[in-house]
$ cat coords07.cif   # mmCIF, C-alpha atoms and all ligand atoms
data_upload
loop_
_atom_site.label_atom_id
_atom_site.label_comp_id
_atom_site.auth_asym_id
_atom_site.auth_seq_id
_atom_site.Cartn_x
_atom_site.Cartn_y
_atom_site.Cartn_z
CA MET A 151 0.00 0.00 0.00
CA LYS A 152 1.50 3.32 -1.10
CA LYS A 153 1.57 6.15 1.36
CA LEU A 154 -0.66 9.10 0.42
CA ALA A 155 1.65 12.03 -0.16
CA SER A 156 1.67 15.07 2.05
CA GLN A 157 -0.02 17.61 -0.20
CA GLN A 158 2.29 20.41 0.80
CA GLN A 159 5.37 18.67 -0.51
CA ILE A 160 4.22 16.54 -3.42
CA ILE A 161 3.02 17.84 -6.78
CA CYS A 162 1.45 15.84 -9.59
CA GLY A 163 1.45 17.47 -13.04
CA LEU A 164 -1.06 15.95 -15.45
CA ASP A 165 -0.80 16.70 -19.16
CA ILE A 166 -4.04 15.56 -20.78
CA GLY A 167 -2.87 15.65 -24.39
CA THR A 168 -4.51 14.61 -27.64
CA THR A 169 -2.04 11.78 -28.25
CA LYS A 170 -0.77 10.92 -24.77
CA ILE A 171 -1.59 11.47 -21.13
CA ALA A 172 1.49 12.08 -19.03
CA ALA A 173 1.63 12.33 -15.25
CA VAL A 174 4.72 13.50 -13.40
CA ILE A 175 5.10 13.35 -9.61
CA ALA A 176 7.67 15.52 -7.90
CA GLU A 177 8.68 16.47 -4.39
CA ARG A 178 9.15 20.12 -3.51
CA ALA A 179 12.49 21.11 -2.08
CA ASP A 180 13.12 23.96 0.33
CA GLY A 181 14.67 26.76 -1.70
CA GLY A 182 15.50 24.54 -4.69
CA GLU A 183 13.97 22.98 -7.77
CA PRO A 184 11.40 20.21 -7.16
CA GLN A 185 12.78 16.72 -7.52
CA ILE A 186 11.05 14.39 -9.98
CA LEU A 187 10.10 11.11 -8.28
CA GLY A 188 8.32 9.29 -11.06
CA MET A 189 6.26 9.54 -14.19
CA GLY A 190 3.69 7.62 -16.20
CA CYS A 191 2.55 7.99 -19.79
CA VAL A 192 -0.21 6.23 -21.74
CA PRO A 193 -1.77 6.83 -25.18
CA SER A 194 -4.75 9.19 -25.05
CA ARG A 195 -7.99 7.89 -26.59
CA GLY A 196 -10.62 10.44 -25.62
CA LEU A 197 -9.46 13.84 -26.92
CA ARG A 198 -9.74 15.65 -30.22
CA ARG A 199 -7.77 18.83 -30.93
CA GLY A 200 -6.97 19.27 -27.27
CA VAL A 201 -10.48 18.87 -25.87
CA VAL A 202 -12.16 15.89 -24.22
CA VAL A 203 -14.69 14.19 -26.48
CA ASN A 204 -14.95 10.89 -24.57
CA LEU A 205 -15.15 11.22 -20.78
CA GLU A 206 -14.98 7.51 -20.08
CA HIS A 207 -11.82 6.83 -22.09
CA THR A 208 -10.11 9.94 -20.80
CA ALA A 209 -10.93 9.15 -17.16
CA SER A 210 -9.54 5.64 -17.48
CA ASP A 211 -6.41 6.87 -19.35
CA ILE A 212 -5.82 9.46 -16.61
CA GLU A 213 -6.21 6.80 -13.94
CA GLU A 214 -3.70 4.56 -15.71
CA ALA A 215 -1.11 7.29 -16.30
CA VAL A 216 -1.31 8.46 -12.67
CA GLN A 217 -1.12 4.89 -11.46
CA PHE A 218 2.14 4.37 -13.41
CA ALA A 219 3.52 7.60 -12.02
CA GLU A 220 2.54 6.59 -8.47
CA ASP A 221 4.17 3.18 -8.89
CA SER A 222 7.44 4.67 -10.09
CA ALA A 223 7.38 7.44 -7.47
CA GLY A 224 6.36 5.19 -4.59
CA VAL A 225 3.76 7.69 -3.37
CA ALA A 226 0.04 8.02 -4.01
CA VAL A 227 -1.60 11.30 -4.99
CA ASP A 228 -5.20 12.42 -4.75
CA ARG A 229 -4.93 15.76 -6.55
CA VAL A 230 -3.33 17.07 -9.73
CA TRP A 231 -2.34 20.22 -11.55
CA ALA A 232 -3.95 19.66 -14.93
CA GLY A 233 -3.18 21.28 -18.29
CA LEU A 234 -5.88 22.81 -20.45
CA ALA A 235 -5.77 23.64 -24.19
CA GLY A 236 -8.05 23.61 -27.22
CA GLU A 237 -9.27 26.18 -29.72
CA HIS A 238 -11.86 27.46 -27.23
CA VAL A 239 -9.03 29.21 -25.33
CA ARG A 240 -8.83 32.96 -25.99
CA SER A 241 -6.58 35.63 -24.60
CA VAL A 242 -6.79 39.38 -24.35
CA ASN A 243 -4.68 42.16 -22.84
CA SER A 244 -6.54 44.55 -20.58
CA ARG A 245 -5.81 47.59 -18.41
CA GLY A 246 -7.25 48.60 -15.07
CA VAL A 247 -6.95 52.04 -13.43
CA ILE A 248 -7.67 53.07 -9.84
CA PRO A 249 -6.80 55.98 -7.56
CA VAL A 250 -4.21 54.91 -4.98
CA SER A 251 -5.79 54.87 -1.52
CA LYS A 252 -4.59 57.84 0.52
CA ILE A 253 -3.39 57.72 4.07
CA ARG A 254 -4.95 60.43 6.18
CA SER A 255 -4.63 63.86 4.53
CA GLU A 256 -1.39 63.37 2.61
CA PRO A 257 -1.51 64.51 -1.04
CA THR A 258 -0.22 61.21 -2.44
CA GLY A 259 -0.90 57.69 -1.31
CA GLU A 260 1.28 54.63 -1.04
CA VAL A 261 0.41 51.55 -3.09
CA THR A 262 -0.72 48.71 -0.84
CA ASP A 263 -1.48 45.08 -1.63
CA ILE A 264 -5.17 46.01 -1.45
CA ASP A 265 -4.63 48.59 -4.21
CA VAL A 266 -2.93 45.95 -6.35
CA GLU A 267 -5.82 43.60 -5.74
CA ARG A 268 -8.30 46.36 -6.68
CA VAL A 269 -6.48 47.41 -9.85
CA VAL A 270 -6.20 43.82 -11.08
CA GLU A 271 -9.91 43.38 -10.32
CA ALA A 272 -10.58 46.50 -12.40
CA ALA A 273 -8.47 45.13 -15.28
CA LYS A 274 -10.40 41.87 -15.07
CA ALA A 275 -13.66 43.63 -15.88
CA ILE A 276 -14.14 42.38 -19.44
CA ALA A 277 -17.38 41.36 -21.11
CA LEU A 278 -17.67 37.57 -21.03
CA PRO A 279 -20.38 35.41 -22.55
CA MET A 280 -22.23 33.13 -20.10
CA ASP A 281 -20.46 30.02 -21.35
CA ARG A 282 -16.92 31.34 -20.78
CA ARG A 283 -14.82 31.96 -17.71
CA ILE A 284 -11.49 33.51 -16.86
CA LEU A 285 -8.72 30.91 -16.52
CA HIS A 286 -5.76 33.18 -15.75
CA VAL A 287 -5.19 36.83 -14.96
CA LEU A 288 -1.47 37.42 -15.46
CA PRO A 289 -0.06 40.83 -14.55
CA GLN A 290 2.30 42.25 -17.19
CA GLU A 291 3.29 45.53 -15.62
CA PHE A 292 2.07 48.24 -13.30
CA ILE A 293 2.10 51.97 -13.93
CA VAL A 294 2.26 54.37 -10.98
CA ASP A 295 1.30 57.86 -12.16
CA SER A 296 3.26 57.98 -15.43
CA GLU A 297 6.07 55.60 -14.41
CA CYS A 298 5.78 52.50 -16.62
CA GLY A 299 7.29 49.03 -16.43
CA ILE A 300 6.93 48.53 -12.68
CA ARG A 301 6.92 44.92 -11.53
CA ALA A 302 6.54 45.40 -7.77
CA PRO A 303 4.40 48.49 -7.10
CA ILE A 304 3.69 47.86 -3.40
CA GLY A 305 5.11 50.68 -1.28
CA MET A 306 5.49 53.14 -4.16
CA ALA A 307 4.12 56.65 -3.78
CA GLY A 308 1.57 57.95 -6.26
CA VAL A 309 -2.02 58.96 -6.90
CA ARG A 310 -2.96 56.72 -9.81
CA LEU A 311 -2.27 53.02 -10.23
CA GLU A 312 -2.68 51.18 -13.52
CA ALA A 313 -2.22 47.48 -14.25
CA ASP A 314 -1.72 45.82 -17.62
CA VAL A 315 -2.84 42.21 -17.45
CA HIS A 316 -3.08 39.28 -19.81
CA ILE A 317 -6.42 37.52 -19.43
CA VAL A 318 -6.92 33.96 -20.62
CA THR A 319 -10.49 32.72 -20.97
CA CYS A 320 -11.88 29.31 -21.82
CA ALA A 321 -15.16 27.51 -22.45
CA ILE A 322 -16.64 26.41 -19.12
CA SER A 323 -17.75 23.08 -20.60
CA SER A 324 -14.24 22.08 -21.78
CA ALA A 325 -12.67 22.96 -18.43
CA GLN A 326 -15.46 21.22 -16.54
CA ASN A 327 -14.96 18.06 -18.63
CA ILE A 328 -11.31 17.90 -17.56
CA ILE A 329 -12.35 18.29 -13.92
CA THR A 330 -15.01 15.58 -14.35
CA CYS A 331 -12.54 13.12 -15.95
CA CYS A 332 -10.08 13.66 -13.11
CA LYS A 333 -12.85 13.21 -10.56
CA ARG A 334 -13.88 9.93 -12.16
CA ALA A 335 -10.24 8.87 -11.95
CA GLY A 336 -10.36 9.63 -8.20
CA LEU A 337 -8.41 12.88 -8.46
CA ALA A 338 -9.23 16.43 -7.48
CA VAL A 339 -8.01 19.23 -9.74
CA GLN A 340 -5.89 21.50 -7.63
CA ASN A 341 -5.55 23.98 -10.47
CA LEU A 342 -6.06 24.19 -14.23
CA VAL A 343 -3.16 25.68 -16.17
CA LEU A 344 -3.09 26.80 -19.79
CA GLU A 345 -0.76 24.28 -21.47
CA PRO A 346 1.60 26.70 -23.25
CA LEU A 347 2.19 28.48 -19.93
CA ALA A 348 3.19 25.17 -18.36
CA SER A 349 5.36 24.20 -21.34
CA ALA A 350 7.07 27.60 -21.10
CA ASP A 351 8.01 26.82 -17.51
CA GLY A 352 9.30 23.46 -18.69
CA VAL A 353 11.68 24.71 -21.38
CA LEU A 354 12.33 28.47 -21.37
CA THR A 355 15.22 30.21 -19.66
CA TRP A 356 14.95 33.43 -17.70
CA ASP A 357 17.07 35.26 -20.31
CA GLU A 358 14.82 34.22 -23.15
CA ARG A 359 11.76 35.58 -21.36
CA GLU A 360 13.52 38.87 -20.74
CA LEU A 361 14.81 39.26 -24.32
CA GLY A 362 11.55 38.20 -25.92
CA VAL A 363 10.73 34.66 -27.03
CA VAL A 364 8.04 32.69 -28.82
CA LEU A 365 7.25 29.30 -27.26
CA LEU A 366 5.68 26.90 -29.75
CA ASP A 367 4.40 23.57 -28.42
CA PHE A 368 3.82 21.41 -31.50
CA GLY A 369 1.56 18.66 -30.12
CA GLY A 370 -0.57 15.98 -31.73
CA GLY A 371 -3.90 17.83 -31.91
CA THR A 372 -2.94 21.43 -31.23
CA THR A 373 -0.04 23.82 -31.59
CA ASP A 374 0.16 26.09 -28.55
CA LEU A 375 1.78 29.51 -28.46
CA ALA A 376 3.08 31.74 -25.70
CA VAL A 377 5.01 34.96 -26.21
CA PHE A 378 7.14 36.55 -23.47
CA HIS A 379 8.93 39.87 -23.43
CA ASN A 380 10.55 41.83 -20.61
CA GLY A 381 9.97 38.83 -18.39
CA THR A 382 6.18 38.83 -18.74
CA ILE A 383 3.58 37.11 -20.85
CA ARG A 384 2.45 39.08 -23.91
CA HIS A 385 0.30 36.69 -25.86
CA THR A 386 -1.09 33.15 -25.72
CA ALA A 387 -3.01 31.17 -28.33
CA VAL A 388 -3.98 27.63 -29.26
CA ILE A 389 -4.14 26.56 -32.91
CA GLY A 390 -6.22 23.46 -33.56
CA TYR A 391 -3.69 21.65 -35.76
CA GLY A 392 -0.73 19.46 -34.89
CA GLY A 393 1.23 16.32 -35.71
CA ASP A 394 -1.88 14.15 -36.17
CA TYR A 395 -2.59 16.03 -39.40
CA ILE A 396 0.84 15.13 -40.69
CA THR A 397 0.15 11.48 -39.88
CA ARG A 398 -3.15 11.62 -41.74
CA ASP A 399 -1.44 13.18 -44.78
CA ILE A 400 1.11 10.36 -44.78
CA ALA A 401 -1.65 7.75 -44.45
CA MET A 402 -3.50 9.25 -47.43
CA GLY A 403 -0.38 9.91 -49.50
CA LEU A 404 1.04 6.43 -49.04
CA ARG A 405 -2.33 4.61 -48.82
CA THR A 406 -1.34 3.06 -45.55
CA PRO A 407 -3.26 2.74 -42.23
CA VAL A 408 -2.91 5.56 -39.71
CA ASP A 409 -0.96 3.37 -37.25
CA SER A 410 1.62 2.50 -39.84
CA ALA A 411 1.76 6.13 -41.08
CA GLU A 412 2.51 7.25 -37.49
CA LYS A 413 5.30 4.67 -37.25
CA ILE A 414 6.79 5.76 -40.58
CA LYS A 415 6.64 9.40 -39.47
CA ILE A 416 8.40 8.75 -36.16
CA GLU A 417 11.07 6.48 -37.65
CA HIS A 418 11.80 8.19 -40.97
CA GLY A 419 9.90 11.49 -41.05
CA ALA A 420 11.62 14.83 -41.58
CA ALA A 421 10.22 18.30 -42.12
CA HIS A 422 13.01 19.71 -44.30
CA HIS A 423 15.18 18.35 -47.09
CA ARG A 424 18.23 19.76 -45.33
CA ALA A 425 17.69 17.26 -42.50
CA ILE A 426 18.04 14.16 -44.70
CA ALA A 427 20.77 12.66 -46.83
CA GLN A 428 20.27 12.26 -50.59
CA ASN A 429 19.20 8.88 -51.95
CA GLU A 430 17.81 7.55 -48.68
CA TYR A 431 15.17 4.88 -49.22
CA LEU A 432 12.65 3.19 -46.94
CA THR A 433 10.22 0.30 -47.22
CA ILE A 434 6.52 0.91 -46.69
CA PRO A 435 4.62 -2.18 -45.47
CA GLY A 436 1.89 -3.27 -47.90
CA VAL A 437 -1.77 -3.03 -46.90
CA GLY A 438 -4.47 -5.65 -47.54
CA GLY A 439 -2.10 -8.24 -48.95
CA ARG A 440 -0.34 -5.77 -51.28
CA GLU A 441 3.41 -5.94 -51.73
CA PRO A 442 5.61 -3.67 -49.59
CA GLN A 443 6.87 -0.68 -51.59
CA GLU A 444 10.14 1.21 -51.67
CA MET A 445 10.12 4.97 -51.54
CA SER A 446 12.66 7.74 -51.17
CA ARG A 447 12.80 9.59 -47.85
CA SER A 448 12.75 12.78 -49.82
CA MET A 449 9.22 11.95 -51.00
CA LEU A 450 8.17 11.62 -47.35
CA VAL A 451 9.60 15.09 -46.72
CA SER A 452 7.49 16.35 -49.63
CA ILE A 453 4.37 15.12 -47.82
CA ILE A 454 5.35 16.33 -44.32
CA GLY A 455 7.01 19.66 -45.20
CA PRO A 456 3.99 21.50 -46.66
CA ARG A 457 1.76 20.56 -43.67
CA VAL A 458 4.36 21.68 -41.14
CA GLU A 459 4.80 24.87 -43.13
CA GLU A 460 1.05 25.46 -43.10
CA ILE A 461 0.77 25.01 -39.31
CA LEU A 462 3.82 27.17 -38.57
CA THR A 463 2.51 29.85 -40.95
CA MET A 464 -0.77 29.89 -38.98
CA ALA A 465 1.29 30.41 -35.82
CA ARG A 466 3.28 33.22 -37.45
CA ASP A 467 0.10 34.91 -38.71
CA GLU A 468 -1.40 34.69 -35.23
CA LEU A 469 1.69 36.42 -33.85
CA LYS A 470 1.65 39.06 -36.55
CA GLN A 471 -1.95 39.82 -35.70
CA SER A 472 -1.12 40.10 -32.02
CA ARG A 473 1.72 42.53 -32.92
CA THR A 474 4.15 40.72 -30.70
CA LEU A 475 6.69 39.67 -33.36
CA ASP A 476 8.66 42.92 -33.13
CA HIS A 477 9.83 42.23 -29.58
CA ILE A 478 11.40 38.82 -30.04
CA GLY A 479 15.11 39.06 -29.29
CA ALA A 480 15.73 35.41 -28.40
CA GLY A 481 13.83 33.77 -31.27
CA VAL A 482 11.58 30.74 -31.20
CA VAL A 483 11.71 27.74 -28.86
CA LEU A 484 10.00 24.72 -30.38
CA THR A 485 8.79 21.95 -28.09
CA GLY A 486 6.08 19.25 -27.87
CA GLY A 487 6.29 15.87 -29.61
CA GLY A 488 6.43 17.44 -33.07
CA ALA A 489 9.67 19.22 -32.18
CA SER A 490 11.45 15.84 -32.20
CA MET A 491 11.07 15.53 -35.95
CA PRO A 492 14.32 16.21 -37.81
CA GLY A 493 14.20 19.40 -39.88
CA MET A 494 11.64 21.20 -37.67
CA ALA A 495 14.10 23.87 -36.54
CA GLU A 496 15.23 24.43 -40.14
CA ILE A 497 11.71 24.92 -41.48
CA ALA A 498 10.69 27.10 -38.52
CA GLU A 499 13.74 29.32 -39.08
CA GLU A 500 12.65 29.93 -42.66
CA ILE A 501 9.08 30.78 -41.68
CA PHE A 502 9.81 32.97 -38.66
CA THR A 503 13.12 34.35 -40.04
CA MET A 504 14.62 34.17 -36.57
CA PRO A 505 16.76 31.68 -34.64
CA VAL A 506 14.96 28.54 -33.51
CA ARG A 507 16.01 26.01 -30.89
CA ILE A 508 14.38 22.76 -29.82
CA GLY A 509 13.37 22.92 -26.15
CA ALA A 510 13.19 19.89 -23.86
CA PRO A 511 12.42 20.01 -20.14
CA ASN A 512 15.87 18.82 -19.09
CA ALA A 513 16.47 21.32 -16.32
CA LEU A 514 14.30 19.18 -14.03
CA MET A 515 14.69 15.90 -15.90
CA PRO A 516 18.26 14.81 -16.48
CA ASP A 517 19.02 14.24 -20.20
CA ASN A 518 19.07 10.48 -19.82
CA MET A 519 15.55 10.24 -18.35
CA PRO A 520 12.67 9.64 -20.78
CA GLY A 521 10.87 12.70 -19.40
CA ALA A 522 13.54 14.98 -20.85
CA ARG A 523 12.00 14.66 -24.32
CA PRO A 524 10.15 17.66 -25.84
CA LYS A 525 6.79 15.88 -25.62
CA TYR A 526 6.98 16.06 -21.81
CA ALA A 527 7.41 19.85 -21.74
CA THR A 528 3.86 20.42 -20.47
CA ALA A 529 3.85 17.68 -17.80
CA VAL A 530 7.24 18.68 -16.38
CA GLY A 531 6.42 22.38 -16.80
CA LEU A 532 3.28 21.91 -14.69
CA ILE A 533 5.51 20.85 -11.81
CA ARG A 534 7.54 24.05 -12.01
CA TYR A 535 4.44 26.17 -12.47
CA ALA A 536 2.76 24.56 -9.47
CA ASP A 537 5.87 24.88 -7.32
CA LYS A 538 6.09 28.59 -8.13
CA LEU A 539 2.48 29.17 -7.25
CA MET A 540 2.61 27.05 -4.12
CA GLN A 541 5.47 29.16 -2.86
CA SER A 542 2.91 31.90 -2.67
CA GLU A 543 -0.08 31.07 -0.54
CA ASN A 544 -3.56 30.10 -1.40
CA SER A 545 -3.40 28.32 -4.71
CA ALA A 546 -6.09 25.85 -3.70
CA LEU A 547 -9.64 26.09 -4.91
CA PRO A 548 -11.80 28.11 -2.54
CA ASP A 549 -14.28 26.05 -0.57
CA GLY A 550 -17.47 25.25 -2.39
CA LEU A 551 -16.16 26.48 -5.72
CA ASN A 552 -15.41 24.06 -8.45
CA TRP A 553 -13.76 26.70 -10.57
CA PRO A 554 -10.00 27.33 -10.60
CA GLY A 555 -10.33 30.64 -12.50
CA ARG A 556 -11.76 32.19 -9.37
CA THR A 557 -8.70 31.61 -7.28
CA THR A 558 -7.42 35.11 -7.88
CA GLY A 559 -8.01 36.29 -4.36
CA LYS A 560 -4.41 36.94 -3.35
CA VAL A 561 -2.04 39.48 -4.78
CA LYS A 562 0.99 37.36 -4.07
CA LYS A 563 -0.32 34.61 -6.26
CA TRP A 564 -0.88 36.93 -9.21
CA LEU A 565 2.57 38.33 -8.92
CA SER A 566 4.24 34.98 -8.52
CA GLU A 567 2.48 33.67 -11.61
CA ILE A 568 4.69 35.74 -13.77
CA PHE A 569 7.33 37.79 -11.97
N1 LIG B 601 10.25 11.61 -33.16
C1 LIG B 601 9.16 12.14 -33.66
N2 LIG B 601 9.11 12.54 -34.94
C2 LIG B 601 8.00 13.08 -35.45
N3 LIG B 601 6.86 13.32 -34.76
C3 LIG B 601 6.86 12.95 -33.49
C4 LIG B 601 7.99 12.36 -32.85
N4 LIG B 601 7.67 12.12 -31.56
C5 LIG B 601 6.40 12.54 -31.40
N5 LIG B 601 5.91 13.03 -32.54
C6 LIG B 601 4.57 13.56 -32.81
O1 LIG B 601 4.22 14.48 -31.82
C7 LIG B 601 2.81 14.47 -31.63
C8 LIG B 601 2.53 14.29 -30.16
O2 LIG B 601 3.11 15.32 -29.43
P1 LIG B 601 2.71 15.59 -27.93
O3 LIG B 601 2.91 14.36 -27.14
O4 LIG B 601 3.42 16.81 -27.51
O5 LIG B 601 1.15 15.85 -28.13
P2 LIG B 601 -0.01 15.90 -27.06
O6 LIG B 601 0.44 16.69 -25.89
O7 LIG B 601 -0.51 14.53 -26.79
O8 LIG B 601 -1.14 16.63 -27.87
P3 LIG B 601 -1.74 18.13 -27.74
O9 LIG B 601 -0.78 18.94 -26.96
O10 LIG B 601 -1.87 18.56 -29.16
O11 LIG B 601 -3.07 17.94 -27.10
C9 LIG B 601 2.26 13.30 -32.43
O12 LIG B 601 1.67 13.80 -33.62
C10 LIG B 601 3.51 12.48 -32.73
O13 LIG B 601 3.40 11.81 -33.93
MG MG B 602 0.52 18.76 -25.51
#
$ encode --input "coords07.cif" --output "structure tokens" --more "lines below"
Ligand SMILES: Nc1ncnc2c1ncn2[C@@H]1O[C@H](COP(=O)(O)OP(=O)(O)OP(=O)(O)O)[C@@H](O)[C@H]1O
Ligand SMILES: [Mg+2]
Amino acid sequence: MKKLASQQQIICGLDIGTTKIAAVIAERADGGEPQILGMGCVPSRGLRRGVVVNLEHTASDIEEAVQFAEDSAGVAVDRVWAGLAGEHVRSVNSRGVIPVSKIRSEPTGEVTDIDVERVVEAAKAIALPMDRRILHVLPQEFIVDSECGIRAPIGMAGVRLEADVHIVTCAISSAQNIITCCKRAGLAVQNLVLEPLASADGVLTWDERELGVVLLDFGGGTTDLAVFHNGTIRHTAVIGYGGDYITRDIAMGLRTPVDSAEKIKIEHGAAHHRAIAQNEYLTIPGVGGREPQEMSRSMLVSIIGPRVEEILTMARDELKQSRTLDHIGAGVVLTGGGASMPGMAEIAEEIFTMPVRIGAPNALMPDNMPGARPKYATAVGLIRYADKLMQSENSALPDGLNWPGRTTGKVKKWLSEIF
């Protein structure tokens, strides 16, 4: 019988992806990085384009992945930090303004944590349809009177306090389905985290966030984006296309079943001709009694390349529209399972015309552990994200509320989310 973990010290990150469900269990360390104790990963059967379409399958896949993680970690968990993605996710930048509360009769006031709470509340006041809720409110910067770019306004003198925040919203139904699946798997959701934010914590460096960086998580069903500049989040988006589309193209192009197309992609696929040698040949297994056929690897690149280009161009267009491309000093960091394909960095460099590196979560996972692969960026990133938030108080769901987006009661938590 495994011992149930002390919830203060143990974190379980659960990446509910379109192609795999990965659970990572880690122990928090005083003043250091959390230590990974174990992980579990199983194929995902109940999601499409990042959202749950089959509760039963997803609940049982979650249960299995967490069980594997518990077995390898030697501890049991009853709550998780779960990732959320899908095309229903939207983000918007907003500004709130309030007068700084004055002390007695002095002409200027001093910004208190209550002022920060009030100004973020004011910035949160956006029109939301009934079926959507706020998932994250991430402070970007504060402005005291006309002084911009302030990260820690508490204690500053002034009369007017402004806050620029990045607000992420999602469909209530999609978020609730994740919570329901976890519940059926015997797990409470401690918090829901937008997947690209978690992946960013898994693979980005502090310098990259300061200089300006685009994080691209190329998954199976979605491609997730997060843009950072001056250390804070500038834009987030989820595009409903990923590696599964490449697999389908291969299956159609080579008239082979999807399973075999996926295998061919993983073993021989490449996104750019520069990543392969000339005159490389591979054998495609025959279907329905047909003979196996020989084909050049370059032909496979001709099938994969255009689809990758299309998806990356969508990501670039999204960034152009958000006007964040001008502030990218550190280039693009590509992660997620798709980033493991040879030639991805080359093709991304051509489309974004900036340096591209492949990001894997190996700061927490040593290189030789399976979890150091790009596809585990979200699961490992959730651990870091959770640890950061748990360092500040009150990250748990308020009593009686089944909605993580409403956990914005404490200033410290907002600030720790990003600064
Ligand atoms: N070595 C590889 N070469 C090419 N593609 C790969 C490789 N490894 C994984 N992939 C592809 O990466 C995709 C899965 O990536 P990942 O595990 O990050 O997705 P996911 O998190 O399950 O899905 P999503 O985030 O879209 O919901 C699949 O399409 C898979 O074929
Ligand atoms: Mg993913």
$ residues_near_point --input "coords07.cif" --point "(5.8, 8.1, -18.6)" --cutoff "9 Å" --atoms "all atoms listed in the file" --output "ChimeraX atom specification"
/A:171-174,188-192,215,218-219,520-521,526
$ residues_near_point --input "coords07.cif" --point "(0.6, 2.6, -45.7)" --cutoff "7 Å" --atoms "all atoms listed in the file" --output "list in words"
Ala401, Leu404, Arg405, Thr406, Pro407, Ser410, Ala411, Ile434, Pro435, Gly436 and Val437 of chain A
$ residues_near_ligand --input "coords07.cif" --ligand "ligand MG 602 (chain B)" --cutoff "7 Å" --atoms "all atoms listed in the file" --output "list in words"
Asp165, Gly167, Thr168, Glu345, Asp367, Gly369, Gly370, Gly486, Lys525 and Thr528 of chain A
$ residues_around --input "coords07.cif" --residues "A:Pro249" --least-positions-apart "4" --cutoff "7 Å" --atoms "only C-alpha atoms" --output "MDAnalysis selection string"
chainID A and resid 309:311
$ residues_around --input "coords07.cif" --residues "A:Val483" --least-positions-apart "4" --cutoff "8 Å" --atoms "only C-alpha atoms" --output "JSON, numbers by chain"
{"A": [354, 363, 364, 365, 366, 506, 507, 508, 509]}
$ write_last_selection --input "coords07.cif" --atoms "C-alpha atoms" --output "mmCIF file, in the coordinates of the input"
data_model
loop_
_atom_site.group_PDB
_atom_site.id
_atom_site.type_symbol
_atom_site.label_atom_id
_atom_site.label_comp_id
_atom_site.auth_asym_id
_atom_site.auth_seq_id
_atom_site.Cartn_x
_atom_site.Cartn_y
_atom_site.Cartn_z
ATOM 1 C CA LEU A 354 12.330 28.470 -21.370
ATOM 2 C CA VAL A 363 10.730 34.660 -27.030
ATOM 3 C CA VAL A 364 8.040 32.690 -28.820
ATOM 4 C CA LEU A 365 7.250 29.300 -27.260
ATOM 5 C CA LEU A 366 5.680 26.900 -29.750
ATOM 6 C CA VAL A 506 14.960 28.540 -33.510
ATOM 7 C CA ARG A 507 16.010 26.010 -30.890
ATOM 8 C CA ILE A 508 14.380 22.760 -29.820
ATOM 9 C CA GLY A 509 13.370 22.920 -26.150
#
$ closest_atom_pairs --input "coords07.cif" --of "chain A" --to "ligand LIG 601 (chain B)" --cutoff "8 Å" --atoms "only C-alpha atoms and all ligand atoms" --output "Markdown table"
| residue | atom | partner | partner_atom | distance |
| --- | --- | --- | --- | --- |
| A:Asp165 | CA | B:LIG601 | O6 | 6.8 |
| A:Ile166 | CA | B:LIG601 | O11 | 6.8 |
| A:Gly167 | CA | B:LIG601 | O7 | 3.5 |
| A:Thr168 | CA | B:LIG601 | O11 | 3.7 |
| A:Thr169 | CA | B:LIG601 | O7 | 3.5 |
| A:Lys170 | CA | B:LIG601 | O7 | 4.1 |
| A:Ile171 | CA | B:LIG601 | O7 | 6.5 |
| A:Pro193 | CA | B:LIG601 | O7 | 8.0 |
| A:Ser194 | CA | B:LIG601 | O7 | 7.0 |
| A:Leu197 | CA | B:LIG601 | O11 | 7.6 |
| A:Arg198 | CA | B:LIG601 | O11 | 7.7 |
| A:Arg199 | CA | B:LIG601 | O11 | 6.1 |
| A:Gly200 | CA | B:LIG601 | O11 | 4.1 |
| A:Val201 | CA | B:LIG601 | O11 | 7.6 |
| A:Ala235 | CA | B:LIG601 | O11 | 6.9 |
| A:Gly236 | CA | B:LIG601 | O11 | 7.5 |
| A:Glu345 | CA | B:LIG601 | O9 | 7.7 |
| A:Asp367 | CA | B:LIG601 | O4 | 6.9 |
| A:Phe368 | CA | B:LIG601 | O4 | 6.1 |
| A:Gly369 | CA | B:LIG601 | O5 | 3.5 |
| A:Gly370 | CA | B:LIG601 | O12 | 3.7 |
| A:Gly371 | CA | B:LIG601 | O10 | 3.5 |
| A:Thr372 | CA | B:LIG601 | O10 | 3.7 |
| A:Thr373 | CA | B:LIG601 | O10 | 6.1 |
| A:Asp374 | CA | B:LIG601 | O9 | 7.4 |
| A:Gly390 | CA | B:LIG601 | O10 | 7.9 |
| A:Tyr391 | CA | B:LIG601 | O10 | 7.5 |
| A:Gly392 | CA | B:LIG601 | O10 | 5.9 |
| A:Gly393 | CA | B:LIG601 | O12 | 3.3 |
| A:Asp394 | CA | B:LIG601 | O12 | 4.4 |
| A:Tyr395 | CA | B:LIG601 | O12 | 7.5 |
| A:Ile396 | CA | B:LIG601 | O12 | 7.2 |
| A:Thr397 | CA | B:LIG601 | O13 | 6.8 |
| A:Glu412 | CA | B:LIG601 | O13 | 5.9 |
| A:Lys415 | CA | B:LIG601 | C2 | 5.6 |
| A:Ile416 | CA | B:LIG601 | N2 | 4.0 |
| A:Glu417 | CA | B:LIG601 | N1 | 6.9 |
| A:His418 | CA | B:LIG601 | N2 | 7.9 |
| A:Gly419 | CA | B:LIG601 | C2 | 6.1 |
| A:Ala420 | CA | B:LIG601 | C2 | 7.3 |
| A:Thr485 | CA | B:LIG601 | O4 | 7.5 |
| A:Gly486 | CA | B:LIG601 | O4 | 3.6 |
| A:Gly487 | CA | B:LIG601 | O2 | 3.2 |
| A:Gly488 | CA | B:LIG601 | O1 | 3.9 |
| A:Ala489 | CA | B:LIG601 | C3 | 7.0 |
| A:Ser490 | CA | B:LIG601 | N1 | 4.5 |
| A:Met491 | CA | B:LIG601 | N2 | 3.7 |
| A:Pro492 | CA | B:LIG601 | N2 | 7.0 |
| A:Pro524 | CA | B:LIG601 | O4 | 7.0 |
| A:Lys525 | CA | B:LIG601 | O4 | 4.0 |
| A:Tyr526 | CA | B:LIG601 | O4 | 6.8 |
| A:Ala527 | CA | B:LIG601 | O4 | 7.6 |
| A:Thr528 | CA | B:LIG601 | O6 | 7.4 |
